[in-house]
Amino acid sequence: MNAAESPWAFRTLSQDSWYRWRLDGAEVFLKNVGSSWYWATRPKHPEGLRQDFGGPEVVEAPYDLEIHHVLASCQPVALRPFALSRPFVVRATRAISVLAGEQAEFLVDLPVSVHWMTSAGVVLAHPNTIELHKTWFGDTSAGRLCFLWPTTLEAPPNQPYGSMFRCHIQVRNEGKSPLVLRQFPIYCEYLSLWEEGGSLRSDLVVVESLGDQSLRMTTEPYKGSDQGLLLYEAAVTQSEVLFQRGVDFLRNIAGIS
Amino acid sequence: MDIVNTVWNSLDFLKLLQIVLLLLVLGLGLRLLQFLTLRLSKGRVSEQTQMLLRKAFHWTTLVVLIMVFFSSLGFDLSAVLGAAGIAGIAIGFAAQTSISNVISGLFLLSEKPFSVGDVINTGEVNGVVLSIDTLSVKVRTFDNTFVRIPNESLIKSNVVNVTRFPIRRLDLVVTIPYSENLARALEVIKEVVVVNKYALANPELFLLVKRFAPAGTEVSLGVWFEPSDMTNLKNTLVVQLLERFRTENIELPKSSLYQA
């Protein structure tokens, strides 16, 4: 798939025609009439995920859906992925022990949210394309609300979905005792996204178990081509933010007391 | 009039200038102290405490300046202070309730059982805290009425802070008749909670076979949720449970579902 054919690419839409993007089970629709933009969305549940990614294509008006109206100047437009503001929790089927000095690697596929952006950088709308269950990360007096994604750390990833990004996670145990992983948060909002070979990739997520019984979570940039970069998040501030926000909960969940 | 004339005649303008300058310097000094205290305490103490500090500084400054003024004019303030002491006792007896409320207010501010914006339930009043003042706490109830609760009564009674912790648990009790398959009913409850989008996946559902009641086995279930989802969870979960029991042909006795 070349860049121009990519569903994420900018294009000029014909006036007064409905366009549809297929997002592996979800659908989003957009129509442009002068400075009026009309949009609609059909979200999917995680259980309804299927390999069906493409668009935009001209379709009939989605009158069975609620249609929203936005006013913005007529310009080329693209559907762009962005990471959700809440972290995802992925679980292990069985507790995974990472022995002292060892390193474990995981690959998980996580969904992205989408928005339409004009070539001038104006975001038209954020259609909700996926209905996610919420979960709590931490104890009942402190923690963070997260999304639950029905995948497991051990599960070998399938053929990548177009509307999801592949996240490579490294867990390094720098401590002197085994690190037990049961479930894990991934703070997507700090990850840059690249398009490569028709699928999305994110930065590398590194979780280190330190000697003082704490955990640190950082990101390392994925060495993708600039052409494929769809979403950029500065790596400089990531490690500090993730450390502060993640460590207490990570320590709790990972079973380090 | 005679006293005023005597004081006026005995004053020289140099003395008056000295008094004005003294009051000015003292006033500015106290203002500066107030400014620095409030500046340093900003972000460290609540807005309510800041307001109290501001008021305390205001009244202390006023009293100090008046006393310095009269003292500089040559008045003997010991008699005034003595009288003020006696008056204070008299006022104290008369304003016992108000003073009790003020002291209770200070305890509320230091103990912080709730803060502005929290949802509290005192048994009689259920609503959002608008302000914690010197004498009372102002609450806006959910049916949009304004309630003033004296601080003293809040100190004396049980106050439930509904929004203190970020997540809450909804406790329901379901009675499963003895004629029905209890194990299957428990499975049904688990399945219903798992698909409810307002129920948190973690912490997991708390399920307990509580007791053998006359109408059947009582099962207690605790579902964790985000406080803003409370109404949606209650409205959907009960409906989904009843529908699912009906689909599974599990008959529930009358009044078999109630909130614990």
# chains A, B, ... in the order shown; residues from 1 in each chain; ligands from 1
>>> residues_around(residues="Val58 of chain A", least_positions_apart="6", cutoff="7 Å", atoms="only C-alpha atoms", output="list in words")
Ser17, Trp18, Tyr19 and Arg20 of chain A
>>> closest_atom_pairs(of="chain A", to="chain B", cutoff="7 Å", atoms="only C-alpha atoms", output="CSV")
residue,atom,partner,partner_atom,distance
A:His133,CA,B:Lys197,CA,5.5
A:Lys134,CA,B:Leu200,CA,5.4
A:Thr135,CA,B:Leu200,CA,4.6
A:Trp136,CA,B:Asn202,CA,5.2
A:Thr140,CA,B:Ile167,CA,6.4
A:Ser141,CA,B:Phe165,CA,5.2
A:Ala142,CA,B:Pro166,CA,6.7
>>> atom_distance(atom1="atom CA of Leu230 of chain A", atom2="atom CA of Cys74 of chain A")
21.8 Å
>>> atom_distance(atom1="atom CA of Leu205 of chain B", atom2="atom CA of Glu154 of chain A")
24.5 Å
>>> atom_distance(atom1="atom CA of Phe53 of chain A", atom2="atom CA of Ser6 of chain A")
10.0 Å
>>> closest_residue(among="A:Val90, A:Leu210, A:Met117, A:Leu132", to="Pro185 of chain A", atoms="only C-alpha atoms")
A:Val90
>>> closest_residue(among="A:Thr12, A:Ser73, A:Thr93, A:Asn128", to="Pro43 of chain A", atoms="only C-alpha atoms")
A:Asn128
